[in-house]
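Structure file work_38.txt (compact mmCIF, C-alpha atoms and all ligand atoms) is printed below.
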# COMPACT_ATOMS: atom_id res chain seq x y z
CA MET A 1 1.24 -9.64 -19.58
CA ILE A 2 1.42 -8.04 -16.14
CA LEU A 3 0.46 -9.94 -12.99
CA ILE A 4 -0.85 -8.06 -9.95
CA THR A 5 -1.03 -10.04 -6.72
CA GLY A 6 -3.46 -8.46 -4.26
CA GLY A 7 -5.16 -6.53 -7.05
CA ALA A 8 -8.57 -6.79 -5.38
CA GLY A 9 -7.27 -4.67 -2.50
CA TYR A 10 -6.93 -0.93 -2.03
CA ILE A 11 -3.62 -0.06 -3.67
CA GLY A 12 -3.42 -2.94 -6.14
CA SER A 13 -6.84 -2.09 -7.59
CA HIS A 14 -5.83 1.54 -8.19
CA LEU A 15 -2.74 0.39 -10.07
CA ALA A 16 -4.88 -2.13 -12.01
CA LEU A 17 -7.29 0.61 -13.06
CA ALA A 18 -4.45 2.86 -14.25
CA LEU A 19 -2.91 0.01 -16.28
CA LEU A 20 -6.25 -0.97 -17.83
CA GLU A 21 -6.81 2.64 -18.83
CA LYS A 22 -3.43 2.59 -20.56
CA GLY A 23 -4.63 -0.41 -22.56
CA GLU A 24 -2.51 -3.03 -20.78
CA ASN A 25 -3.74 -6.61 -20.45
CA ILE A 26 -3.53 -7.65 -16.83
CA VAL A 27 -3.94 -10.65 -14.58
CA ILE A 28 -4.99 -10.32 -10.94
CA PHE A 29 -4.32 -13.06 -8.41
CA ASP A 30 -6.04 -12.58 -5.04
CA ASN A 31 -7.58 -14.79 -2.37
CA LEU A 32 -10.12 -12.08 -1.45
CA SER A 33 -9.13 -12.34 2.22
CA THR A 34 -9.17 -8.55 2.56
CA GLY A 35 -9.89 -7.65 -1.07
CA HIS A 36 -13.32 -7.50 -2.67
CA ILE A 37 -14.93 -9.25 -5.62
CA GLU A 38 -16.96 -6.06 -6.25
CA THR A 39 -13.68 -4.26 -6.97
CA ILE A 40 -12.78 -6.90 -9.56
CA GLU A 41 -16.22 -6.52 -11.19
CA THR A 42 -15.70 -2.77 -11.41
CA LEU A 43 -12.20 -3.13 -12.87
CA LYS A 44 -13.46 -5.52 -15.56
CA LYS A 45 -15.46 -2.65 -17.05
CA TYR A 46 -12.29 -0.79 -17.96
CA GLY A 47 -10.31 -3.29 -19.98
CA ASN A 48 -8.90 -6.76 -20.42
CA LEU A 49 -8.52 -8.35 -17.00
CA ASN A 50 -8.24 -12.04 -16.11
CA PHE A 51 -8.97 -12.71 -12.47
CA TYR A 52 -7.72 -15.80 -10.60
CA GLN A 53 -9.01 -16.37 -7.09
CA GLY A 54 -6.20 -18.17 -5.31
CA ASP A 55 -3.92 -18.10 -2.31
CA LEU A 56 -0.17 -17.52 -2.51
CA LEU A 57 0.21 -20.10 0.26
CA ASP A 58 -0.97 -22.70 -2.26
CA LYS A 59 1.95 -22.80 -4.69
CA ASN A 60 0.00 -24.89 -7.23
CA SER A 61 -2.60 -22.19 -7.63
CA ILE A 62 -0.01 -19.50 -8.44
CA ASP A 63 1.89 -21.92 -10.70
CA LYS A 64 -1.31 -22.36 -12.73
CA VAL A 65 -1.34 -18.63 -13.48
CA PHE A 66 2.20 -18.80 -14.85
CA GLU A 67 1.28 -21.87 -16.90
CA LYS A 68 -1.77 -20.26 -18.48
CA GLU A 69 -0.66 -16.65 -18.89
CA ASN A 70 2.42 -15.23 -20.50
CA ILE A 71 3.55 -13.25 -17.43
CA GLU A 72 6.50 -10.90 -17.99
CA SER A 73 6.42 -8.76 -14.86
CA ILE A 74 4.78 -8.64 -11.47
CA PHE A 75 3.46 -6.09 -9.01
CA HIS A 76 3.27 -7.82 -5.65
CA PHE A 77 0.78 -6.25 -3.21
CA ALA A 78 -0.71 -9.39 -1.62
CA ALA A 79 -0.03 -9.28 2.12
CA PHE A 80 -1.61 -8.71 5.49
CA SER A 81 -0.82 -5.23 6.71
CA GLN A 82 -2.40 -4.42 10.08
CA VAL A 83 0.38 -3.50 12.48
CA ALA A 84 -1.49 -4.15 15.74
CA GLU A 85 -2.77 -7.52 14.54
CA SER A 86 0.76 -8.50 13.51
CA VAL A 87 1.97 -7.95 17.08
CA LYS A 88 -0.83 -10.11 18.53
CA ASN A 89 -0.71 -12.80 15.86
CA PRO A 90 2.76 -12.82 14.27
CA LYS A 91 2.46 -16.34 12.90
CA LYS A 92 -0.38 -15.24 10.62
CA TYR A 93 1.90 -12.49 9.25
CA TYR A 94 5.14 -14.43 8.83
CA ARG A 95 3.30 -17.24 7.08
CA ASN A 96 1.16 -15.17 4.76
CA ASN A 97 3.64 -12.45 3.89
CA VAL A 98 6.96 -14.31 3.91
CA VAL A 99 5.92 -17.84 2.87
CA GLY A 100 3.42 -16.46 0.35
CA THR A 101 6.14 -14.32 -1.24
CA LEU A 102 8.61 -17.24 -1.28
CA ASN A 103 6.08 -19.29 -3.24
CA LEU A 104 5.65 -16.43 -5.70
CA LEU A 105 9.41 -15.89 -6.11
CA ASP A 106 10.02 -19.61 -6.57
CA SER A 107 7.36 -19.75 -9.29
CA MET A 108 9.01 -16.75 -10.92
CA ILE A 109 12.31 -18.63 -11.06
CA GLU A 110 10.63 -21.77 -12.45
CA TYR A 111 8.78 -19.82 -15.14
CA ARG A 112 11.71 -17.48 -15.85
CA VAL A 113 9.97 -14.24 -14.88
CA LYS A 114 12.63 -11.73 -13.87
CA LYS A 115 10.94 -8.47 -12.81
CA ILE A 116 8.99 -7.68 -9.67
CA VAL A 117 7.85 -4.45 -8.02
CA PHE A 118 7.16 -5.05 -4.34
CA SER A 119 5.08 -3.13 -1.76
CA SER A 120 7.39 -2.48 1.14
CA THR A 121 6.77 0.04 3.87
CA ALA A 122 8.16 2.80 6.05
CA ALA A 123 7.48 0.35 8.90
CA THR A 124 10.77 -1.36 7.94
CA TYR A 125 12.63 1.66 9.42
CA GLY A 126 11.06 1.40 12.89
CA GLU A 127 11.59 4.31 15.28
CA PRO A 128 13.44 6.92 13.18
CA ASN A 129 16.89 8.16 14.20
CA TYR A 130 16.45 11.25 12.03
CA ILE A 131 13.84 12.97 9.86
CA PRO A 132 13.29 13.04 6.91
CA ILE A 133 14.07 9.33 6.53
CA ASP A 134 16.22 8.45 3.54
CA GLU A 135 16.82 4.96 2.16
CA ILE A 136 20.13 4.50 3.99
CA HIS A 137 18.44 5.00 7.35
CA PRO A 138 18.85 1.76 9.38
CA GLN A 139 15.97 -0.69 9.01
CA LYS A 140 14.93 -1.84 12.48
CA PRO A 141 11.22 -2.70 12.44
CA ILE A 142 9.35 -2.54 15.76
CA ASN A 143 6.52 -4.87 14.80
CA ALA A 144 6.05 -8.24 13.06
CA TYR A 145 4.45 -6.62 10.02
CA GLY A 146 7.54 -4.47 9.39
CA GLN A 147 9.78 -7.50 10.00
CA THR A 148 7.98 -9.53 7.32
CA LYS A 149 8.50 -6.76 4.77
CA LEU A 150 12.18 -6.38 5.69
CA MET A 151 12.72 -10.15 5.41
CA ILE A 152 11.21 -10.11 1.94
CA GLU A 153 13.51 -7.24 0.94
CA LYS A 154 16.53 -9.31 2.05
CA ILE A 155 15.23 -12.42 0.27
CA MET A 156 14.89 -10.36 -2.90
CA ASP A 157 18.55 -9.27 -2.68
CA ASP A 158 19.69 -12.89 -2.41
CA TYR A 159 17.37 -13.99 -5.24
CA ASP A 160 18.90 -11.33 -7.46
CA LYS A 161 22.45 -12.49 -6.69
CA ALA A 162 21.67 -16.16 -7.20
CA TYR A 163 18.91 -16.17 -9.85
CA GLY A 164 19.10 -12.74 -11.49
CA LEU A 165 15.63 -11.77 -10.27
CA LYS A 166 15.34 -7.96 -10.48
CA SER A 167 13.21 -6.20 -7.89
CA VAL A 168 12.17 -2.69 -6.99
CA ARG A 169 11.00 -2.32 -3.42
CA LEU A 170 8.79 0.69 -2.85
CA ARG A 171 8.66 1.79 0.77
CA TYR A 172 5.35 3.56 1.13
CA PHE A 173 4.65 6.11 3.83
CA ASN A 174 0.93 6.79 4.57
CA VAL A 175 -1.14 6.17 1.47
CA ALA A 176 -4.29 8.29 1.13
CA GLY A 177 -7.13 9.08 -1.26
CA ALA A 178 -9.23 7.28 -3.84
CA ASP A 179 -9.81 7.21 -7.57
CA ASN A 180 -10.78 10.73 -8.67
CA GLN A 181 -14.00 9.45 -10.24
CA SER A 182 -14.90 7.38 -7.14
CA ARG A 183 -15.00 4.15 -9.16
CA ILE A 184 -12.84 2.44 -6.54
CA GLY A 185 -11.43 3.57 -3.21
CA GLU A 186 -10.01 2.52 0.13
CA TRP A 187 -12.00 -0.41 1.54
CA HIS A 188 -10.47 -2.11 4.56
CA GLU A 189 -12.48 -4.00 7.15
CA PRO A 190 -11.81 -3.09 9.86
CA GLU A 191 -10.48 0.26 8.71
CA THR A 192 -7.29 1.12 10.58
CA HIS A 193 -6.14 4.10 8.54
CA LEU A 194 -6.53 7.63 9.82
CA ILE A 195 -8.27 9.50 7.00
CA PRO A 196 -11.06 7.02 6.18
CA ASN A 197 -11.65 6.62 9.91
CA ILE A 198 -12.04 10.34 10.49
CA LEU A 199 -14.32 10.59 7.43
CA LYS A 200 -16.42 7.60 8.48
CA SER A 201 -17.09 9.27 11.81
CA THR A 202 -18.97 12.06 9.93
CA LEU A 203 -21.40 9.58 8.36
CA GLU A 204 -24.76 8.45 9.72
CA GLY A 205 -24.12 6.07 12.62
CA GLY A 206 -20.40 6.95 12.59
CA LYS A 207 -18.43 6.43 15.77
CA THR A 208 -16.65 9.14 17.74
CA PHE A 209 -13.14 9.45 16.34
CA GLU A 210 -10.51 8.31 18.83
CA LEU A 211 -7.29 10.33 18.62
CA TYR A 212 -4.38 8.43 20.15
CA GLY A 213 -1.69 10.60 21.74
CA TYR A 214 -1.88 14.37 22.14
CA ASP A 215 1.25 14.99 24.22
CA TYR A 216 4.00 14.25 21.68
CA ASP A 217 6.81 16.72 21.21
CA THR A 218 5.33 18.06 17.93
CA LYS A 219 3.82 21.43 17.07
CA ASP A 220 0.35 20.55 18.38
CA GLY A 221 1.11 17.42 20.42
CA THR A 222 -0.19 14.91 17.84
CA CYS A 223 1.81 12.54 15.61
CA VAL A 224 3.22 13.70 12.28
CA ARG A 225 2.85 11.51 9.17
CA ASP A 226 3.70 11.86 5.49
CA TYR A 227 0.57 11.31 3.37
CA ILE A 228 1.16 10.18 -0.18
CA ASN A 229 -1.71 10.35 -2.66
CA ILE A 230 -2.81 7.01 -4.17
CA GLU A 231 -2.61 8.27 -7.76
CA ASP A 232 0.91 9.60 -7.21
CA LEU A 233 1.80 6.26 -5.64
CA VAL A 234 0.39 4.39 -8.64
CA ASN A 235 2.48 6.54 -11.00
CA ALA A 236 5.60 5.58 -9.06
CA HIS A 237 4.76 1.90 -9.66
CA ILE A 238 4.42 2.45 -13.37
CA LEU A 239 7.78 4.26 -13.41
CA ALA A 240 9.36 1.50 -11.32
CA LEU A 241 8.38 -1.13 -13.89
CA LYS A 242 9.64 1.11 -16.69
CA TYR A 243 12.93 1.37 -14.80
CA LEU A 244 13.19 -2.45 -14.66
CA ASP A 245 12.10 -2.78 -18.30
CA ASN A 246 14.99 -0.46 -19.19
CA GLY A 247 17.47 -2.75 -17.44
CA GLY A 248 17.49 -1.02 -14.04
CA LYS A 249 19.23 -2.85 -11.20
CA THR A 250 17.54 -4.14 -8.06
CA ASP A 251 16.86 -1.13 -5.85
CA TYR A 252 14.55 0.41 -3.23
CA PHE A 253 12.85 3.78 -2.95
CA ASN A 254 10.84 5.74 -0.42
CA LEU A 255 7.47 6.95 -1.61
CA GLY A 256 6.37 9.98 0.35
CA THR A 257 6.15 13.74 -0.09
CA ASN A 258 8.98 15.11 2.11
CA ASN A 259 6.22 16.82 4.14
CA GLY A 260 4.44 15.90 7.31
CA ASN A 261 1.07 16.78 8.77
CA THR A 262 -0.09 16.31 12.31
CA VAL A 263 -3.21 14.30 13.12
CA LYS A 264 -4.89 17.52 14.26
CA GLU A 265 -4.12 19.16 10.92
CA VAL A 266 -5.62 16.20 9.06
CA PHE A 267 -8.62 16.35 11.35
CA LYS A 268 -9.14 20.06 10.65
CA MET A 269 -8.87 19.51 6.88
CA CYS A 270 -11.47 16.74 7.13
CA GLU A 271 -13.80 19.09 9.02
CA ASP A 272 -13.33 21.79 6.38
CA ILE A 273 -13.94 19.40 3.48
CA THR A 274 -16.97 17.66 4.98
CA GLY A 275 -18.37 20.85 6.50
CA LYS A 276 -19.10 18.82 9.64
CA LYS A 277 -17.95 19.03 13.22
CA ILE A 278 -16.29 15.70 13.92
CA PRO A 279 -16.79 14.16 17.36
CA VAL A 280 -13.39 13.36 18.87
CA LYS A 281 -12.22 11.57 22.00
CA LEU A 282 -8.65 12.13 23.15
CA MET A 283 -6.96 8.85 24.06
CA PRO A 284 -3.53 8.00 25.53
CA ARG A 285 -0.61 7.21 23.20
CA ARG A 286 -0.56 3.81 21.50
CA GLU A 287 2.54 1.71 21.91
CA GLY A 288 4.77 1.65 18.86
CA ASP A 289 3.56 4.89 17.25
CA PRO A 290 6.66 6.96 16.37
CA LYS A 291 6.04 10.68 16.89
CA SER A 292 7.06 11.63 13.37
CA LEU A 293 7.53 9.78 10.05
CA ILE A 294 8.52 11.82 7.02
CA ALA A 295 10.09 10.48 3.83
CA ASP A 296 13.09 11.84 2.04
CA ASN A 297 11.96 11.11 -1.52
CA ALA A 298 15.00 12.47 -3.39
CA LYS A 299 16.10 9.04 -4.62
CA ALA A 300 12.78 8.21 -6.31
CA LYS A 301 12.79 11.68 -7.89
CA ASP A 302 16.31 11.27 -9.13
CA ILE A 303 16.29 7.68 -10.40
CA LEU A 304 12.65 6.92 -11.20
CA LYS A 305 11.98 10.53 -12.36
CA TRP A 306 8.92 10.51 -10.11
CA LYS A 307 7.32 13.51 -8.51
CA PRO A 308 4.30 13.51 -6.19
CA GLU A 309 1.83 16.10 -7.46
CA LYS A 310 -1.31 15.86 -5.36
CA SER A 311 -1.84 17.64 -2.06
CA LEU A 312 -3.20 16.13 1.12
CA ASN A 313 -6.31 18.24 0.58
CA MET A 314 -6.89 16.51 -2.77
CA SER A 315 -6.41 13.08 -1.16
CA ILE A 316 -8.95 13.84 1.55
CA ASN A 317 -11.38 15.21 -1.03
CA SER A 318 -11.24 12.07 -3.18
CA ALA A 319 -11.41 9.84 -0.08
CA TYR A 320 -14.54 11.71 1.09
CA ARG A 321 -16.24 11.47 -2.31
CA TRP A 322 -15.59 7.72 -2.21
CA GLU A 323 -16.99 7.38 1.34
CA ILE A 324 -20.23 9.20 0.44
CA LYS A 325 -20.72 7.84 -3.09
CA ASP A 326 -23.55 5.50 -2.06
CA LEU A 327 -25.35 8.35 -0.32
CA ILE A 328 -25.08 10.44 -3.50
CA ASN A 329 -26.12 7.59 -5.82
CA ASN A 330 -29.15 6.49 -3.75
N1 LIG A 401 -2.21 1.07 2.70
C1 LIG A 401 -1.05 1.59 3.11
O1 LIG A 401 -0.98 2.74 3.59
C2 LIG A 401 0.25 0.79 2.95
C3 LIG A 401 1.45 1.36 3.43
C4 LIG A 401 2.64 0.64 3.27
C5 LIG A 401 2.62 -0.59 2.62
N2 LIG A 401 1.45 -1.12 2.18
C6 LIG A 401 1.48 -2.44 1.50
O2 LIG A 401 0.80 -2.33 0.25
C7 LIG A 401 0.16 -3.56 -0.06
C8 LIG A 401 -1.29 -3.31 -0.38
O3 LIG A 401 -1.92 -2.70 0.77
P1 LIG A 401 -3.48 -2.38 0.76
O4 LIG A 401 -3.70 -1.25 1.70
O5 LIG A 401 -3.95 -2.28 -0.64
O6 LIG A 401 -4.04 -3.73 1.44
P2 LIG A 401 -5.35 -4.58 1.09
O7 LIG A 401 -5.58 -5.46 2.26
O8 LIG A 401 -6.45 -3.69 0.63
O9 LIG A 401 -4.84 -5.46 -0.17
C9 LIG A 401 -4.09 -6.64 -0.04
C10 LIG A 401 -4.68 -7.67 -1.01
O10 LIG A 401 -3.91 -8.86 -0.96
C11 LIG A 401 -4.79 -9.99 -0.91
N3 LIG A 401 -4.05 -11.08 -0.25
C12 LIG A 401 -3.54 -11.09 1.01
N4 LIG A 401 -2.91 -12.25 1.25
C13 LIG A 401 -3.00 -13.01 0.12
C14 LIG A 401 -2.57 -14.30 -0.25
N5 LIG A 401 -1.90 -15.11 0.60
N6 LIG A 401 -2.85 -14.76 -1.50
C15 LIG A 401 -3.53 -13.99 -2.39
N7 LIG A 401 -3.98 -12.74 -2.08
C16 LIG A 401 -3.73 -12.25 -0.85
C17 LIG A 401 -6.00 -9.50 -0.15
O11 LIG A 401 -7.18 -10.23 -0.39
C18 LIG A 401 -6.11 -8.05 -0.67
O12 LIG A 401 -6.93 -7.97 -1.83
C19 LIG A 401 0.40 -4.49 1.12
O13 LIG A 401 1.49 -5.34 0.80
C20 LIG A 401 0.76 -3.54 2.25
O14 LIG A 401 1.59 -4.16 3.19
C21 LIG A 401 0.25 -0.46 2.33
Would you encode the structure as structure tokens?
Ligand SMILES: NC(=O)c1ccc[n+]([C@@H]2O[C@H](COP(=O)([O-])OP(=O)(O)OC[C@H]3O[C@@H](n4cnc5c(N)ncnc54)[C@H](O)[C@@H]3O)[C@@H](O)[C@H]2O)c1
Amino acid sequence: MILITGGAGYIGSHLALALLEKGENIVIFDNLSTGHIETIETLKKYGNLNFYQGDLLDKNSIDKVFEKENIESIFHFAAFSQVAESVKNPKKYYRNNVVGTLNLLDSMIEYRVKKIVFSSTAATYGEPNYIPIDEIHPQKPINAYGQTKLMIEKIMDDYDKAYGLKSVRLRYFNVAGADNQSRIGEWHEPETHLIPNILKSTLEGGKTFELYGYDYDTKDGTCVRDYINIEDLVNAHILALKYLDNGGKTDYFNLGTNNGNTVKEVFKMCEDITGKKIPVKLMPRREGDPKSLIADNAKAKDILKWKPEKSLNMSINSAYRWEIKDLINN
């Protein structure tokens, strides 16, 4: 049995759907703090899913899952992940992300579960020294969110040495897109990610899109990011577990495309796909936004045998279909 923490959220639910469609039996553990019960209801239509509403900060509630279910491996998505909020309220982030993960890892040791795939982030690298960023690039986070993820990576190394707990840490760049059939999609409140925010501004009552920073030293003055499609990202998770199942050692991989797009390029693609002129307001730079973040993904290609296949255009298309699905269905 596979346990997914945070499976009611954006990325975890897309992995859950892929596993259910492969006929896997899964367990989701989520406190629904940023995830949605509606997502769980949708997932239940596609296979055998046991849902436990519980908080990782309550060790008893996660222990109960291990007692009742025969868990063999874990995908650990449950975390808070808003960078700006983490700077204003670090205690919320250290407690939830670090203490929550410690509870999970300690339960794993007690119940002799040895394999975990963990959602890390490009934010562990901080301001890049060079581009594209490979896995040996120094990890110097510039916000509390990135720090929590780096701490967990270090804890996982020590837990391997002492308790033989094998982990794969996947360092995501910018995740984009939704399920191709619009059954589930990106649903954050408030939404802080670029693509859904641009797309939302085209909808009835949508706000003017605020573009932060237009004087960077990039080809059009706006920040460059590496957008990785959600379905490609999910495939990497499945390959990461296969790698651990085959006896792979504890390791870490970047998940990105080796390509970057500027905010203006993303904006233009959104206009082309929606066929709408998007209202935009140019704003000054935000503190802590590196000008360019691009992954070197050679290691994941080489060791996990992973290859991203979907273009940014496809990600924006699926994200748009998800945003307008209620308008189409009503
Ligand atoms: N979305 C991205 O672009 C991105 C990039 C890099 C890393 N990540 C990481 O990927 C993971 C998933 O991100 P997402 O965008 O799907 O976020 P999300 O907020 O949609 O999902 C996180 C889920 O975890 C649950 N959760 C949080 N704290 C919990 C706790 N203490 N106990 C139980 N459940 C808890 C939430 O209710 C939610 O369902 C996170 O760990 C995030 O840091 C995301």
Mind checking which residues fall within 9 Å of Met108 (chain A), counting only C-alpha atoms, ignoring those fewer than 6 positions away in the same chain, and posting them as a list of chain:residue names?
->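 My list of contacting residues is A:Asp63, A:Phe66, A:Lys114, A:Lys115, A:Leu165.
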Could you give me, as a VMD selection string, every polymer residue with an atom at most 8 Å away from an atom of ligand LIG 401 (chain A), counting only C-alpha atoms and all ligand atoms?
-> chain A and resid 5 to 13 29 to 36 53 to 57 76 to 82 96 to 97 100 118 to 123 145 149 171 to 176 186 to 188 193
Dump C-alpha atoms for the selected residues as a PDB file, in the frame of the given file?
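Wrote selection24.pdb, looks like this:
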ATOM      1  CA  THR A   5      -1.030 -10.040  -6.720  1.00  0.00           C
ATOM      2  CA  GLY A   6      -3.460  -8.460  -4.260  1.00  0.00           C
ATOM      3  CA  GLY A   7      -5.160  -6.530  -7.050  1.00  0.00           C
ATOM      4  CA  ALA A   8      -8.570  -6.790  -5.380  1.00  0.00           C
ATOM      5  CA  GLY A   9      -7.270  -4.670  -2.500  1.00  0.00           C
ATOM      6  CA  TYR A  10      -6.930  -0.930  -2.030  1.00  0.00           C
ATOM      7  CA  ILE A  11      -3.620  -0.060  -3.670  1.00  0.00           C
ATOM      8  CA  GLY A  12      -3.420  -2.940  -6.140  1.00  0.00           C
ATOM      9  CA  SER A  13      -6.840  -2.090  -7.590  1.00  0.00           C
ATOM     10  CA  PHE A  29      -4.320 -13.060  -8.410  1.00  0.00           C
ATOM     11  CA  ASP A  30      -6.040 -12.580  -5.040  1.00  0.00           C
ATOM     12  CA  ASN A  31      -7.580 -14.790  -2.370  1.00  0.00           C
ATOM     13  CA  LEU A  32     -10.120 -12.080  -1.450  1.00  0.00           C
ATOM     14  CA  SER A  33      -9.130 -12.340   2.220  1.00  0.00           C
ATOM     15  CA  THR A  34      -9.170  -8.550   2.560  1.00  0.00           C
ATOM     16  CA  GLY A  35      -9.890  -7.650  -1.070  1.00  0.00           C
ATOM     17  CA  HIS A  36     -13.320  -7.500  -2.670  1.00  0.00           C
ATOM     18  CA  GLN A  53      -9.010 -16.370  -7.090  1.00  0.00           C
ATOM     19  CA  GLY A  54      -6.200 -18.170  -5.310  1.00  0.00           C
ATOM     20  CA  ASP A  55      -3.920 -18.100  -2.310  1.00  0.00           C
ATOM     21  CA  LEU A  56      -0.170 -17.520  -2.510  1.00  0.00           C
ATOM     22  CA  LEU A  57       0.210 -20.100   0.260  1.00  0.00           C
ATOM     23  CA  HIS A  76       3.270  -7.820  -5.650  1.00  0.00           C
ATOM     24  CA  PHE A  77       0.780  -6.250  -3.210  1.00  0.00           C
ATOM     25  CA  ALA A  78      -0.710  -9.390  -1.620  1.00  0.00           C
ATOM     26  CA  ALA A  79      -0.030  -9.280   2.120  1.00  0.00           C
ATOM     27  CA  PHE A  80      -1.610  -8.710   5.490  1.00  0.00           C
ATOM     28  CA  SER A  81      -0.820  -5.230   6.710  1.00  0.00           C
ATOM     29  CA  GLN A  82      -2.400  -4.420  10.080  1.00  0.00           C
ATOM     30  CA  ASN A  96       1.160 -15.170   4.760  1.00  0.00           C
ATOM     31  CA  ASN A  97       3.640 -12.450   3.890  1.00  0.00           C
ATOM     32  CA  GLY A 100       3.420 -16.460   0.350  1.00  0.00           C
ATOM     33  CA  PHE A 118       7.160  -5.050  -4.340  1.00  0.00           C
ATOM     34  CA  SER A 119       5.080  -3.130  -1.760  1.00  0.00           C
ATOM     35  CA  SER A 120       7.390  -2.480   1.140  1.00  0.00           C
ATOM     36  CA  THR A 121       6.770   0.040   3.870  1.00  0.00           C
ATOM     37  CA  ALA A 122       8.160   2.800   6.050  1.00  0.00           C
ATOM     38  CA  ALA A 123       7.480   0.350   8.900  1.00  0.00           C
ATOM     39  CA  TYR A 145       4.450  -6.620  10.020  1.00  0.00           C
ATOM     40  CA  LYS A 149       8.500  -6.760   4.770  1.00  0.00           C
ATOM     41  CA  ARG A 171       8.660   1.790   0.770  1.00  0.00           C
ATOM     42  CA  TYR A 172       5.350   3.560   1.130  1.00  0.00           C
ATOM     43  CA  PHE A 173       4.650   6.110   3.830  1.00  0.00           C
ATOM     44  CA  ASN A 174       0.930   6.790   4.570  1.00  0.00           C
ATOM     45  CA  VAL A 175      -1.140   6.170   1.470  1.00  0.00           C
ATOM     46  CA  ALA A 176      -4.290   8.290   1.130  1.00  0.00           C
ATOM     47  CA  GLU A 186     -10.010   2.520   0.130  1.00  0.00           C
ATOM     48  CA  TRP A 187     -12.000  -0.410   1.540  1.00  0.00           C
ATOM     49  CA  HIS A 188     -10.470  -2.110   4.560  1.00  0.00           C
ATOM     50  CA  HIS A 193      -6.140   4.100   8.540  1.00  0.00           C
TER      51      HIS A 193
END
Of the candidates A:Ile316, A:Asp220, A:Leu293, A:Lys325, which shows the shortest atom-to-atom distance to Val266 (chain A), using all atoms listed in the file?
->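 Using all atoms listed in the file, Val266 (chain A) sits closest to A:Ile316.
Minimum atom-to-atom distance to Tyr252 (chain A), evaluated using only C-alpha atoms, belongs to A:Thr124 out of A:Thr148, A:Thr124, A:Asn313, A:Asn143.
For the residues A:Gly213, A:Ile2, A:Asn180, A:Tyr46, ranking by smallest atom-to-atom distance to Glu21 (chain A) using all atoms listed in the file places A:Tyr46 first.
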In Å, how far is it from CA of Val113 (chain A) to CA of Met1 (chain A)?
->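 Between CA of Val113 (chain A) and CA of Met1 (chain A) the gap is 10.9 Å.
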Taking into account all atoms listed in the file, which residue in the set A:Lys44, A:Thr250, A:Asn197, A:Asn235 is nearest to Tyr159 (chain A)?
->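 Residue with the minimum atom-to-atom distance to Tyr159 (chain A): A:Thr250.
Residues in contact with Ile238 (chain A) at up to 10 Å, not including ones fewer than 2 positions away on its chain and judged by only C-alpha atoms, are A:Leu15, A:Ala18, A:Leu19, A:Phe75, A:Val117, A:Leu233, A:Val234, A:Asn235, A:Ala236, A:Ala240, A:Leu241, A:Lys242, A:Tyr243, A:Leu304, A:Trp306.
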What would region 160-171 of chain A look like with N, CA and C atoms restored, written as a tab-separated table (two decimals), in the frame of the given file?
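Result file part_23.tsv:
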chain	number	residue	atom	x	y	z
A	160	ASP	N	18.27	-12.02	-6.32
A	160	ASP	CA	18.90	-11.33	-7.46
A	160	ASP	C	20.30	-11.91	-7.68
A	161	LYS	N	21.07	-11.99	-6.57
A	161	LYS	CA	22.45	-12.49	-6.69
A	161	LYS	C	22.48	-13.90	-7.28
A	162	ALA	N	21.60	-14.75	-6.78
A	162	ALA	CA	21.67	-16.16	-7.20
A	162	ALA	C	20.92	-16.45	-8.50
A	163	TYR	N	19.76	-15.78	-8.71
A	163	TYR	CA	18.91	-16.17	-9.85
A	163	TYR	C	18.66	-15.03	-10.83
A	164	GLY	N	19.26	-13.86	-10.57
A	164	GLY	CA	19.10	-12.74	-11.49
A	164	GLY	C	17.70	-12.15	-11.50
A	165	LEU	N	17.00	-12.30	-10.36
A	165	LEU	CA	15.63	-11.77	-10.27
A	165	LEU	C	15.69	-10.29	-9.86
A	166	LYS	N	15.21	-9.41	-10.74
A	166	LYS	CA	15.34	-7.96	-10.48
A	166	LYS	C	14.11	-7.45	-9.74
A	167	SER	N	14.34	-6.73	-8.66
A	167	SER	CA	13.21	-6.20	-7.89
A	167	SER	C	13.35	-4.71	-7.63
A	168	VAL	N	12.21	-4.05	-7.55
A	168	VAL	CA	12.17	-2.69	-6.99
A	168	VAL	C	11.27	-2.77	-5.78
A	169	ARG	N	11.80	-2.34	-4.64
A	169	ARG	CA	11.00	-2.32	-3.42
A	169	ARG	C	10.60	-0.88	-3.14
A	170	LEU	N	9.29	-0.66	-3.08
A	170	LEU	CA	8.79	0.69	-2.85
A	170	LEU	C	8.33	0.78	-1.40
A	171	ARG	N	8.99	1.65	-0.66
A	171	ARG	CA	8.66	1.79	0.77
A	171	ARG	C	7.68	2.93	0.94
